[in-house]
Amino acid sequence: MELFGTQSINERGQLEIGGVNVNVLKEKYGTPLYVMDTRHIKDQMAFYNNHFTYHGIDSEVIYASKAFLSLDMVRLIKEQNLSLDVVSGGELYMAKKASFPMDKVYFHGNNKSAQEIEMAIDYGVKTIIIDNPHEFELLRSLMPKDKRIHVLLRVNPGIEAHTHEYIATTKNDSKFGVSIFSNSTMNLIQTMYENSHIIFDGFHSHIGSQIFESDSFLKHATAMMEFVKKVKEDLKIDVNVLNLGGGFGVKYIKSDTPIRSIEFLSELLETVKNYALTHQLTIPKVLIEPGRSITANGGITLYTVGSTKETFSNKNYIFVDGSMADHIRTALYQAKYSALLASNMHLKNEKLYTITGKACESGDIIIKDIMFPTPQKDDLIAVQSTGAYHHSMASNYNMLRRPAVVFVEDGIPTLSIRRETYEDLLIREMG
């Protein structure tokens, strides 16, 4: 059993998060419930800000908002002095509503609409990441004559990283970016550099998510610097900014071994700096985009047990009041999770269970095959490490209501997003 952040067990064997008893959270807010450990999230942000540094090279930490975003989260990012990446008009709108400084916003996405690009220009977003030639032409056509905007070009260096195929992003057949091996990419760079309304800063690339091997990131940095060198030699263009994306893996189950080395972050910067000095290149400012590694272990989902069942084939189920609608990653990625019997942590594991929800799908699995105590009706189960891509990917499948989100810190719970009501489910209906 592993506890994260400020999780602890009280004398009655009940889980507490941020000094708040899970039973209190259930009584006050109901379940399913997303609980965010504010102190853990702050500590993760500070970890990157304090250690992604190296003498003689500028660096910047950008939070990848797709992992988890709310108005309170945006304010927390601002308070902790991180920048913010957004990938849609909706995420940009939320940043604006939370008064996030637009000169620290990076607008991503592989198919931005004209409306979204106009929003970014109108809001004063500093940097747009261009994914493809069509997007550049769209931006160029929409730029007012009296304005200029910074851009990065997303490129694909073809680095293979060991991760699920759905979250690997630099394979040569990836939908993201343009290949560094294509002559047309060089032509696009030249065109962008020469445009009077565009400030071409450099490149963005990202090799995937939930990656545990530091070597993959170092190879990525070297491959990108080799491309920077080629651009300098062939086009006589200096690259001032290099965004290496995110993808730093986190611990979901016991066998996961995430990179936690302070030295690794410095080594990443050192790799870029040394390559630049060796080849007489401009030392670029280096950006990274952690998201999951900031919020994942800082979140849990609380569920209430309805019942258990043993099938004719001797398979044991625990039924909870949530579903794949609030926990899609097991069905989508075959992702694996750990869980705690939060209302009675003193009980020992008894048998192999599958924890499942109430959606009308055989694939509605929260955790497949976990050794677990036998719970009683109304017991609380806490699924660990759900702070990333759970609230973000939640849906109303089967007309289920999305859970509330609560931040906890120093014994105080704060409701950040209320639970949906049945009226909310019909709010867009015109019939």
# chains A, B, ... in the order shown; residues from 1 in each chain; ligands from 1
call {"tool": "select_by_dssp", "arguments": {"residues": "range 105-336 of chain A", "states": "alpha helix (DSSP H)", "output": "NGL selection string"}}
result
:A and (114-123 or 133-142 or 183-194 or 214-235 or 262-278 or 292-295 or 329-333)
call {"tool": "residues_around", "arguments": {"residues": "Leu69 in chain A", "least_positions_apart": "3", "cutoff": "8 Å", "atoms": "only C-alpha atoms", "output": "VMD selection string"}}
result
chain A and resid 65 to 66 73 to 74 91 392
call {"tool": "atom_distance", "arguments": {"atom1": "CA of Asn50 in chain A", "atom2": "CA of Tyr93 in chain A"}}
result
29.1 Å
call {"tool": "residues_around", "arguments": {"residues": "range 340-345 of chain A", "least_positions_apart": "3", "cutoff": "6 Å", "atoms": "only C-alpha atoms", "output": "ChimeraX atom specification"}}
result
/A:13-15,379-382
call {"tool": "write_last_selection", "arguments": {"atoms": "N, CA and C atoms", "output": "compact mmCIF listing (two decimals), in the first residue's frame"}}
result
# COMPACT_ATOMS: atom_id res chain seq x y z
N GLY A 13 -8.32 3.89 11.32
CA GLY A 13 -8.06 3.15 10.09
C GLY A 13 -8.74 3.75 8.89
N GLN A 14 -9.04 5.04 8.94
CA GLN A 14 -9.70 5.72 7.83
C GLN A 14 -8.72 6.65 7.12
N LEU A 15 -8.85 6.74 5.82
CA LEU A 15 -7.96 7.57 5.02
C LEU A 15 -8.28 9.05 5.22
N ASP A 379 -19.19 1.08 2.11
CA ASP A 379 -17.77 1.37 2.34
C ASP A 379 -17.27 2.33 1.26
N LEU A 380 -16.17 3.01 1.57
CA LEU A 380 -15.57 3.93 0.62
C LEU A 380 -14.31 3.32 0.00
N ILE A 381 -14.23 3.39 -1.31
CA ILE A 381 -13.03 2.98 -2.03
C ILE A 381 -12.39 4.23 -2.63
N ALA A 382 -11.07 4.36 -2.44
CA ALA A 382 -10.32 5.47 -3.03
C ALA A 382 -9.43 4.92 -4.13
call {"tool": "residues_around", "arguments": {"residues": "range 113-123 of chain A", "least_positions_apart": "4", "cutoff": "10 Å", "atoms": "only C-alpha atoms", "output": "list of chain:residue names"}}
result
A:Val87, A:Ser88, A:Gly89, A:Gly90, A:Leu92, A:Tyr93, A:Lys96, A:Pro101, A:Met102, A:Asp103, A:Val105, A:Tyr106, A:Phe107, A:Gly109, A:Thr127, A:Ile128, A:Glu135, A:Leu138, A:Leu139, A:Ser141, A:Leu142, A:Met143, A:Pro144, A:Lys147, A:Arg148, A:Ile149
call {"tool": "residues_around", "arguments": {"residues": "range 209-217 of chain A", "least_positions_apart": "6", "cutoff": "12 Å", "atoms": "only C-alpha atoms", "output": "PDB file with C-alpha atoms, in the first residue's frame"}}
result
ATOM      1  CA  ALA A  64      -0.160  21.051 -19.751  1.00  0.00           C
ATOM      2  CA  ALA A  67      -4.345  16.920 -17.672  1.00  0.00           C
ATOM      3  CA  PRO A 157      11.686  13.863 -34.767  1.00  0.00           C
ATOM      4  CA  GLY A 158      10.604  10.222 -35.117  1.00  0.00           C
ATOM      5  CA  ILE A 159      11.722   9.200 -31.618  1.00  0.00           C
ATOM      6  CA  GLU A 160      10.063   5.959 -30.477  1.00  0.00           C
ATOM      7  CA  ALA A 161       9.218   5.941 -26.764  1.00  0.00           C
ATOM      8  CA  HIS A 162       7.979   2.942 -24.791  1.00  0.00           C
ATOM      9  CA  THR A 163       4.369   3.848 -24.049  1.00  0.00           C
ATOM     10  CA  HIS A 164       0.825   3.039 -25.185  1.00  0.00           C
ATOM     11  CA  GLU A 165       0.356   3.595 -28.912  1.00  0.00           C
ATOM     12  CA  TYR A 166      -2.509   6.048 -28.315  1.00  0.00           C
ATOM     13  CA  ILE A 167      -0.230   8.405 -26.365  1.00  0.00           C
ATOM     14  CA  ALA A 168       2.945   8.038 -28.423  1.00  0.00           C
ATOM     15  CA  THR A 169       3.195  11.221 -30.473  1.00  0.00           C
ATOM     16  CA  THR A 170       6.393  11.196 -32.536  1.00  0.00           C
ATOM     17  CA  ALA A 223      17.751  14.784 -32.054  1.00  0.00           C
ATOM     18  CA  MET A 224      16.142  18.204 -31.814  1.00  0.00           C
ATOM     19  CA  LEU A 244      10.634  19.558 -25.529  1.00  0.00           C
ATOM     20  CA  GLY A 245       7.073  18.840 -24.369  1.00  0.00           C
ATOM     21  CA  GLY A 246       6.252  16.655 -21.395  1.00  0.00           C
ATOM     22  CA  GLY A 247       5.389  12.985 -20.979  1.00  0.00           C
ATOM     23  CA  PHE A 248       7.131  12.345 -17.635  1.00  0.00           C
ATOM     24  CA  GLY A 249       5.628   9.136 -16.239  1.00  0.00           C
ATOM     25  CA  VAL A 250       3.995   8.795 -12.820  1.00  0.00           C
ATOM     26  CA  LYS A 251       3.360   5.933 -10.425  1.00  0.00           C
ATOM     27  CA  TYR A 252      -0.034   4.259 -10.799  1.00  0.00           C
ATOM     28  CA  SER A 255       5.721  -1.809 -10.632  1.00  0.00           C
ATOM     29  CA  ASP A 256       5.811   1.711 -12.105  1.00  0.00           C
ATOM     30  CA  THR A 257       9.215   3.385 -11.776  1.00  0.00           C
ATOM     31  CA  PRO A 258       8.905   7.080 -12.681  1.00  0.00           C
ATOM     32  CA  ILE A 259      11.845   9.418 -13.154  1.00  0.00           C
ATOM     33  CA  ARG A 260      12.184  11.473 -10.004  1.00  0.00           C
ATOM     34  CA  SER A 261      15.813  12.442 -10.267  1.00  0.00           C
ATOM     35  CA  ILE A 262      16.590  16.095  -9.688  1.00  0.00           C
ATOM     36  CA  GLU A 263      19.731  15.566 -11.744  1.00  0.00           C
ATOM     37  CA  PHE A 264      17.704  14.419 -14.770  1.00  0.00           C
ATOM     38  CA  LEU A 265      16.079  17.829 -15.289  1.00  0.00           C
ATOM     39  CA  SER A 266      19.458  19.550 -15.158  1.00  0.00           C
ATOM     40  CA  GLU A 267      20.931  16.905 -17.456  1.00  0.00           C
ATOM     41  CA  LEU A 268      18.250  17.632 -20.039  1.00  0.00           C
ATOM     42  CA  LEU A 269      19.253  21.298 -20.083  1.00  0.00           C
ATOM     43  CA  THR A 271      22.499  18.238 -23.084  1.00  0.00           C
ATOM     44  CA  VAL A 272      21.017  21.138 -25.037  1.00  0.00           C
ATOM     45  CA  ILE A 288       8.933  21.641 -20.880  1.00  0.00           C
ATOM     46  CA  GLU A 289       5.238  20.873 -20.396  1.00  0.00           C
ATOM     47  CA  PRO A 290       4.529  18.639 -17.387  1.00  0.00           C
ATOM     48  CA  GLY A 291       0.859  17.951 -16.752  1.00  0.00           C
ATOM     49  CA  ARG A 292       0.194  14.425 -15.543  1.00  0.00           C
ATOM     50  CA  SER A 293       3.310  14.457 -13.355  1.00  0.00           C
ATOM     51  CA  ALA A 296      -1.958  12.653 -11.223  1.00  0.00           C
ATOM     52  CA  TYR A 333      -5.845   2.640 -22.618  1.00  0.00           C
ATOM     53  CA  ALA A 335      -4.519   1.710 -17.822  1.00  0.00           C
ATOM     54  CA  ALA A 388      -4.888  13.701 -14.464  1.00  0.00           C
ATOM     55  CA  TYR A 389      -7.202  12.929 -17.394  1.00  0.00           C
TER      56      TYR A 389
END
call {"tool": "residues_around", "arguments": {"residues": "Thr301 in chain A", "least_positions_apart": "5", "cutoff": "8 Å", "atoms": "only C-alpha atoms", "output": "count of residues only"}}
result
8
call {"tool": "closest_residue", "arguments": {"among": "A:Asp72, A:Glu270, A:Asp85, A:Asp238", "to": "Tyr54 in chain A", "atoms": "only C-alpha atoms"}}
result
A:Glu270
call {"tool": "atom_distance", "arguments": {"atom1": "CA of Ile318 in chain A", "atom2": "CA of Glu420 in chain A"}}
result
24.7 Å
